[in-house]
Amino acid sequence: MIQLTRRELLSGTAATTAVLAMGLTPSELRAAAPAAGKQAPGFYRYKVGDFEVTQIADGARTFPMPDTFVVNLKKEDALAAAEAAYMPKGQVTIPFNPMVINTGSKLVVIDTGNGLGAFEQSKGVVGQMNANMTAAGIDPKNVDIVVISHFHGDHMNGLKKADGSLVYPNAEIMVPAAEWAFWADEANASKANGFNKPNFPNVKKAFDGLKVTQFEAGKDVAPGITSISTPGHTPGHVSFAVQSGSGKLLVQSDVTNIPALFLRNPDWHVAFDNDPATAQATRHKFYDMAAAEKAPVAGYHFSFPSVGHVEKDGKGYRLVPVAWQPSI
Amino acid sequence: MMTNISRRTALLGGVAAAALPAFGAAHAAAPPVGKQNAGFYRYKVGDIEVTVVTDGANTFKFADNHVTNKTRDDLNKALEAAHQPKDLMTTPYNPIVVNTSGKLIVIDTGTGEAAYERSKGVTGQFQTNLKAAGIDRNAVDMVIISHFHGDHINGLITPDKKLAYPNAEILVPAGDWKFFMDDGEMSRATSDRMKSVFKGVRDVFDPIGRKVTPYEAGKEIAPGITTVATPGHTPGHTSHIIASGNSKVFVQGDVTHVPWVNARHPDWHVFYDQDGAMAQATRRKVYDMLVAERMMVQGFHYPFPSLAYVDKVGDGYREVMVAWKPTI
């Protein structure tokens, strides 16, 4: 009886009657399918000219919106904007999306996520970069260059494992020179407050014992990957332009935080911007350029797979996420 | 002191090229992986687990009458606005799997494994992605069909015309069953398009002995899955509301074709709509409801993972893709 398929049971045979007489409905003969309960690995691949780009999800944090999340706006207005963007009521979600670019000559990681320490602390909610990189078939040992856009923990804490050893043991680590100068300056550390204060010791910890190469904004960090000075979020914050053949991609890093709020409203100041007025001016310049060029933009805090086109819309901009390509 | 953002620096002028030799001798990076991520995505609707499983996407040069009441120029303008290439239509296919009360239910089946072979994996990916999602086709209890077009029913059978889900009951919309299986209706079909739909329906259902269970609109046909009549695209076209707890998603089938054409322009008649005027009326009714209820829509022809909210914009609608959750 158990071997009977549901099809036969439902086809009105004598078996059905027999089963029903036993007090079972046909569907009860099959074991319940367990819920899978696990998300797909978070990586997405596309080509920029001859380059292969892999967006890697590091996870996302959801938390009650802090009172000063948007420092120059009433909280109720920020909450209304978040709700209009279909975020859970009263909350804000910030995703983290580092990326890997294979230029053919170099395997380059741009930003490293929250790190394996955070993976443990958060029980896998963030710090997923390594797991997702592995799922994407990329071995951290093969990475030639790791570029850090700026010195906030969600971008650089993935340089080291929880025990302090190197995640990318064979990679040159490249950092913006202006960023290094700011965060290494004890005078800046001594007068830091707010969000910056705990970040000084965190920078120290993240880079302690590491050999880094400083680069000037505007220079290439790898063939086909050019850094762009985009200060404000931090003093030495950089973005990148990737070009191969006719393919182009802009990597904004943190020119905006989540697009639903800060790309739509480029004059809103997220609490994490070190120099809000400069960050705002940078945002307008960067996105006027991106909109004019019609180049796709990868955004660290865009929703995975975190790449889209940007268009001007009133006083702000709108992100049009790329349509997922099921094959590359 | 910093390089300012300009289109030239961002998108690689001569300066960048001159910097290239600094990277030294050519070194081959790790080889590109060359393969897209498996296309599945999981989310919860209350206690119900939904897995979106992509079947791939087909890109083709569209005909002048692709939108029967608009010109090629109109369509190209809509594509440009969506950052899509000119004269090319990309159509994604995204069936789903629902685990409700321990029952595994597939809603629509994609273009089928024979299409996978023919297209060299561009479409017909449903089975490979289903496997990647950890779902055994033999464990599927029920297959629900929204309507009788090939991209929704062809995956019911294997290339050797056997049941693709050997243990599943097949539920089909009674309206489409009645219309398309009627030899009189078939004999009255005049267009090549309609003739091929009639033939396609028989090519799928005849080899499996026409063993299906027709279902009516307005019924709960599985725990938490209610059918909704959404005619026009086909006479018996049916959508499905999945509901559990406070959560709901509208599985629209083909109420719209790709959103950048047909949600933005609900009054455009894509030639697949059998009754353009009725499809248009259905579209407006459904989308006004989605907007009013702030209900998520799962769109078969939306880009993967094809889950969105809908905003009313001008005379049409704009999809707001649901933020990818890196953990469920």
# chains A, B, ... in the order shown; residues from 1 in each chain; ligands from 1

$ closest_atom_pairs --of "chain A" --to "chain B" --cutoff "7 Å" --atoms "only C-alpha atoms" --output "Markdown table"
| residue | atom | partner | partner_atom | distance |
| --- | --- | --- | --- | --- |
| A:Thr5 | CA | B:Asn167 | CA | 5.7 |
| A:Arg6 | CA | B:Asn167 | CA | 6.0 |
| A:Arg7 | CA | B:Glu169 | CA | 5.9 |
| A:Ala32 | CA | B:Gly102 | CA | 4.2 |
| A:Ala33 | CA | B:Gly102 | CA | 4.8 |
| A:Pro34 | CA | B:Gly102 | CA | 6.2 |
| A:Ala35 | CA | B:Glu49 | CA | 6.5 |
| A:Gly37 | CA | B:Ile328 | CA | 7.0 |
| A:Lys38 | CA | B:Ile328 | CA | 6.5 |
| A:Gln39 | CA | B:Thr327 | CA | 5.5 |
| A:Ala40 | CA | B:Tyr41 | CA | 5.7 |
| A:Gly42 | CA | B:Pro326 | CA | 6.5 |
| A:Phe43 | CA | B:Asn37 | CA | 6.3 |
| A:Tyr44 | CA | B:Asn37 | CA | 5.9 |
| A:Arg45 | CA | B:Gln36 | CA | 5.5 |
| A:Glu52 | CA | B:Pro32 | CA | 6.4 |
| A:Ala57 | CA | B:Pro326 | CA | 6.9 |
| A:Gly59 | CA | B:Pro326 | CA | 5.2 |
| A:Ala60 | CA | B:Pro326 | CA | 6.6 |
| A:Asn102 | CA | B:Pro32 | CA | 6.5 |
| A:Gly104 | CA | B:Ala29 | CA | 5.4 |
| A:Ser105 | CA | B:Ala28 | CA | 4.4 |
| A:Lys106 | CA | B:Ala29 | CA | 4.5 |
| A:Leu107 | CA | B:Ala29 | CA | 5.4 |
| A:Val125 | CA | B:Thr327 | CA | 6.5 |
| A:Gly137 | CA | B:Val33 | CA | 6.8 |
| A:Asn142 | CA | B:Ala30 | CA | 6.3 |
| A:Ala217 | CA | B:Thr3 | CA | 6.3 |
| A:Gly218 | CA | B:Thr3 | CA | 5.4 |
| A:Lys219 | CA | B:Ala16 | CA | 6.6 |
| A:Asp220 | CA | B:Ala16 | CA | 6.2 |
| A:Pro223 | CA | B:Leu20 | CA | 5.9 |
| A:Thr226 | CA | B:Ala16 | CA | 6.9 |
| A:Ile228 | CA | B:Ala10 | CA | 6.5 |
| A:Ser229 | CA | B:Thr3 | CA | 6.1 |
| A:Ala241 | CA | B:Ala10 | CA | 5.3 |
| A:Gln243 | CA | B:Leu11 | CA | 6.9 |
| A:Phe286 | CA | B:Ile5 | CA | 7.0 |
| A:Met289 | CA | B:Arg7 | CA | 6.2 |
| A:Ser303 | CA | B:Ala323 | CA | 5.4 |
| A:Phe304 | CA | B:Trp324 | CA | 5.7 |
| A:Ala323 | CA | B:Pro303 | CA | 5.2 |
| A:Trp324 | CA | B:Phe304 | CA | 5.7 |
| A:Pro326 | CA | B:Gly56 | CA | 5.2 |
| A:Ser327 | CA | B:Gln36 | CA | 5.5 |
| A:Ile328 | CA | B:Gln36 | CA | 5.9 |

$ residues_around --residues "Val249 of chain B" --least-positions-apart "4" --cutoff "10 Å" --atoms "only C-alpha atoms" --output "list in words"
Lys44, Val45, Ile225, His240, Ile241, Ile242, Ala243, Ser244, Leu290, Arg294, Met295, Met296, Val297, Gln298, Leu307, Ala308 and Tyr309 of chain B

$ write_last_selection --atoms "C-alpha atoms" --output "compact mmCIF listing (two decimals), in the first residue's frame"
# COMPACT_ATOMS: atom_id res chain seq x y z
CA LYS B 44 8.94 32.54 3.96
CA VAL B 45 5.28 33.42 3.71
CA ILE B 225 -2.97 28.35 -1.74
CA HIS B 240 -2.58 31.99 -6.88
CA ILE B 241 -2.48 33.68 -3.51
CA ILE B 242 -0.20 32.05 -0.98
CA ALA B 243 -1.15 33.08 2.52
CA SER B 244 0.02 32.09 5.98
CA LEU B 290 -1.41 44.91 -5.16
CA ARG B 294 0.99 46.56 -0.42
CA MET B 295 1.04 42.88 -1.37
CA MET B 296 4.11 41.22 -2.83
CA VAL B 297 3.85 39.82 -6.33
CA GLN B 298 5.73 36.80 -7.59
CA LEU B 307 9.53 38.92 -6.18
CA ALA B 308 8.48 42.54 -5.92
CA TYR B 309 6.23 45.15 -4.44

$ residues_around --residues "Asp182 of chain B" --least-positions-apart "6" --cutoff "12 Å" --atoms "only C-alpha atoms" --output "PyMOL selection string"
chain B and resi 175-176+188-189+198-199+201-202

$ residues_around --residues "Asp58 of chain A" --least-positions-apart "3" --cutoff "7 Å" --atoms "only C-alpha atoms" --output "PyMOL selection string"
chain A and resi 96-98+113+126-129

$ residues_around --residues "Met89 of chain B" --least-positions-apart "5" --cutoff "9 Å" --atoms "only C-alpha atoms" --output "list in words"
Asn58, Thr59, Phe60, Lys61, Phe62, Leu79 and Gln84 of chain B

$ residues_around --residues "segment 62-65 of chain A" --least-positions-apart "3" --cutoff "8 Å" --atoms "only C-alpha atoms" --output "ChimeraX atom specification"
/A:69,79,90-94

$ write_last_selection --atoms "C-alpha atoms" --output "CSV table (one decimal), in the first residue's frame"
chain,number,residue,atom,x,y,z
A,69,PHE,CA,20.2,57.5,11.4
A,79,LEU,CA,10.9,56.1,9.1
A,90,GLY,CA,10.4,50.9,12.3
A,91,GLN,CA,13.5,49.1,11.0
A,92,VAL,CA,16.3,49.5,8.6
A,93,THR,CA,18.2,46.8,6.7
A,94,ILE,CA,21.8,47.4,5.6

$ select_by_dssp --residues "segment 116-290 of chain B" --states "helix (DSSP H, G or I)" --output "ChimeraX atom specification"
/B:116-118,126-132,137-139,150-156,174-180,183-188,192-205,259-262,276-290

$ write_last_selection --atoms "C-alpha atoms" --output "PDB file, in the first residue's frame"
ATOM      1  CA  TYR B 116      17.446  22.794 -21.886  1.00  0.00           C
ATOM      2  CA  GLU B 117      19.026  20.472 -24.432  1.00  0.00           C
ATOM      3  CA  ARG B 118      18.018  22.577 -27.434  1.00  0.00           C
ATOM      4  CA  PHE B 126      14.343  24.366 -13.771  1.00  0.00           C
ATOM      5  CA  GLN B 127      15.450  20.789 -13.063  1.00  0.00           C
ATOM      6  CA  THR B 128      19.134  21.657 -12.580  1.00  0.00           C
ATOM      7  CA  ASN B 129      18.283  24.550 -10.293  1.00  0.00           C
ATOM      8  CA  LEU B 130      15.708  22.453  -8.433  1.00  0.00           C
ATOM      9  CA  LYS B 131      18.454  19.956  -7.716  1.00  0.00           C
ATOM     10  CA  ALA B 132      20.811  22.735  -6.589  1.00  0.00           C
ATOM     11  CA  ARG B 137      11.422  15.937  -8.146  1.00  0.00           C
ATOM     12  CA  ASN B 138      10.136  12.576  -6.912  1.00  0.00           C
ATOM     13  CA  ALA B 139       9.120  14.232  -3.652  1.00  0.00           C
ATOM     14  CA  GLY B 150       4.516  26.160 -23.339  1.00  0.00           C
ATOM     15  CA  ASP B 151       6.828  27.976 -20.934  1.00  0.00           C
ATOM     16  CA  HIS B 152       4.468  26.992 -18.108  1.00  0.00           C
ATOM     17  CA  ILE B 153       3.500  23.422 -19.072  1.00  0.00           C
ATOM     18  CA  ASN B 154       6.347  21.962 -21.125  1.00  0.00           C
ATOM     19  CA  GLY B 155       8.266  21.061 -17.981  1.00  0.00           C
ATOM     20  CA  LEU B 156       5.492  18.620 -17.025  1.00  0.00           C
ATOM     21  CA  ALA B 174     -10.582  24.252 -15.599  1.00  0.00           C
ATOM     22  CA  GLY B 175     -11.089  27.154 -18.022  1.00  0.00           C
ATOM     23  CA  ASP B 176      -7.933  26.419 -19.990  1.00  0.00           C
ATOM     24  CA  TRP B 177      -8.577  22.673 -19.862  1.00  0.00           C
ATOM     25  CA  LYS B 178     -12.029  23.143 -21.343  1.00  0.00           C
ATOM     26  CA  PHE B 179     -10.936  25.635 -24.000  1.00  0.00           C
ATOM     27  CA  PHE B 180      -7.681  24.166 -25.233  1.00  0.00           C
ATOM     28  CA  ASP B 183     -11.260  20.024 -30.737  1.00  0.00           C
ATOM     29  CA  GLY B 184     -13.946  22.409 -31.994  1.00  0.00           C
ATOM     30  CA  GLU B 185     -12.061  25.381 -30.557  1.00  0.00           C
ATOM     31  CA  MET B 186      -8.870  24.040 -32.081  1.00  0.00           C
ATOM     32  CA  SER B 187     -10.486  23.707 -35.510  1.00  0.00           C
ATOM     33  CA  ARG B 188     -11.573  27.348 -35.337  1.00  0.00           C
ATOM     34  CA  ASP B 192      -0.329  30.280 -36.521  1.00  0.00           C
ATOM     35  CA  ARG B 193       0.179  31.385 -32.935  1.00  0.00           C
ATOM     36  CA  MET B 194      -3.101  29.895 -31.700  1.00  0.00           C
ATOM     37  CA  LYS B 195      -2.667  26.736 -33.780  1.00  0.00           C
ATOM     38  CA  SER B 196       0.723  26.183 -32.182  1.00  0.00           C
ATOM     39  CA  VAL B 197      -0.676  26.722 -28.676  1.00  0.00           C
ATOM     40  CA  PHE B 198      -3.397  24.112 -29.280  1.00  0.00           C
ATOM     41  CA  LYS B 199      -0.842  21.668 -30.643  1.00  0.00           C
ATOM     42  CA  GLY B 200       1.592  22.375 -27.794  1.00  0.00           C
ATOM     43  CA  VAL B 201      -1.057  21.627 -25.195  1.00  0.00           C
ATOM     44  CA  ARG B 202      -1.786  18.236 -26.789  1.00  0.00           C
ATOM     45  CA  ASP B 203       1.927  17.476 -27.116  1.00  0.00           C
ATOM     46  CA  VAL B 204       2.215  17.757 -23.350  1.00  0.00           C
ATOM     47  CA  PHE B 205      -1.021  16.226 -22.088  1.00  0.00           C
ATOM     48  CA  PRO B 259       7.537  44.319 -15.839  1.00  0.00           C
ATOM     49  CA  TRP B 260       9.566  46.960 -17.670  1.00  0.00           C
ATOM     50  CA  VAL B 261       7.132  46.619 -20.562  1.00  0.00           C
ATOM     51  CA  ASN B 262       3.878  45.448 -19.128  1.00  0.00           C
ATOM     52  CA  GLY B 276      -5.729  41.838 -25.137  1.00  0.00           C
ATOM     53  CA  ALA B 277      -8.566  43.947 -23.790  1.00  0.00           C
ATOM     54  CA  MET B 278      -9.534  41.423 -21.142  1.00  0.00           C
ATOM     55  CA  ALA B 279      -5.899  40.904 -20.147  1.00  0.00           C
ATOM     56  CA  GLN B 280      -5.538  44.666 -19.759  1.00  0.00           C
ATOM     57  CA  ALA B 281      -8.606  44.933 -17.530  1.00  0.00           C
ATOM     58  CA  THR B 282      -7.359  42.023 -15.408  1.00  0.00           C
ATOM     59  CA  ARG B 283      -3.920  43.616 -15.152  1.00  0.00           C
ATOM     60  CA  ARG B 284      -5.293  46.912 -13.871  1.00  0.00           C
ATOM     61  CA  LYS B 285      -7.562  45.191 -11.391  1.00  0.00           C
ATOM     62  CA  VAL B 286      -4.780  42.995 -10.013  1.00  0.00           C
ATOM     63  CA  TYR B 287      -2.154  45.728  -9.896  1.00  0.00           C
ATOM     64  CA  ASP B 288      -4.474  48.268  -8.268  1.00  0.00           C
ATOM     65  CA  MET B 289      -5.145  45.620  -5.643  1.00  0.00           C
ATOM     66  CA  LEU B 290      -1.414  44.906  -5.158  1.00  0.00           C
TER      67      LEU B 290
END

$ atom_distance --atom1 "atom CA of Asp313 of chain A" --atom2 "atom CA of Leu263 of chain A"
10.0 Å
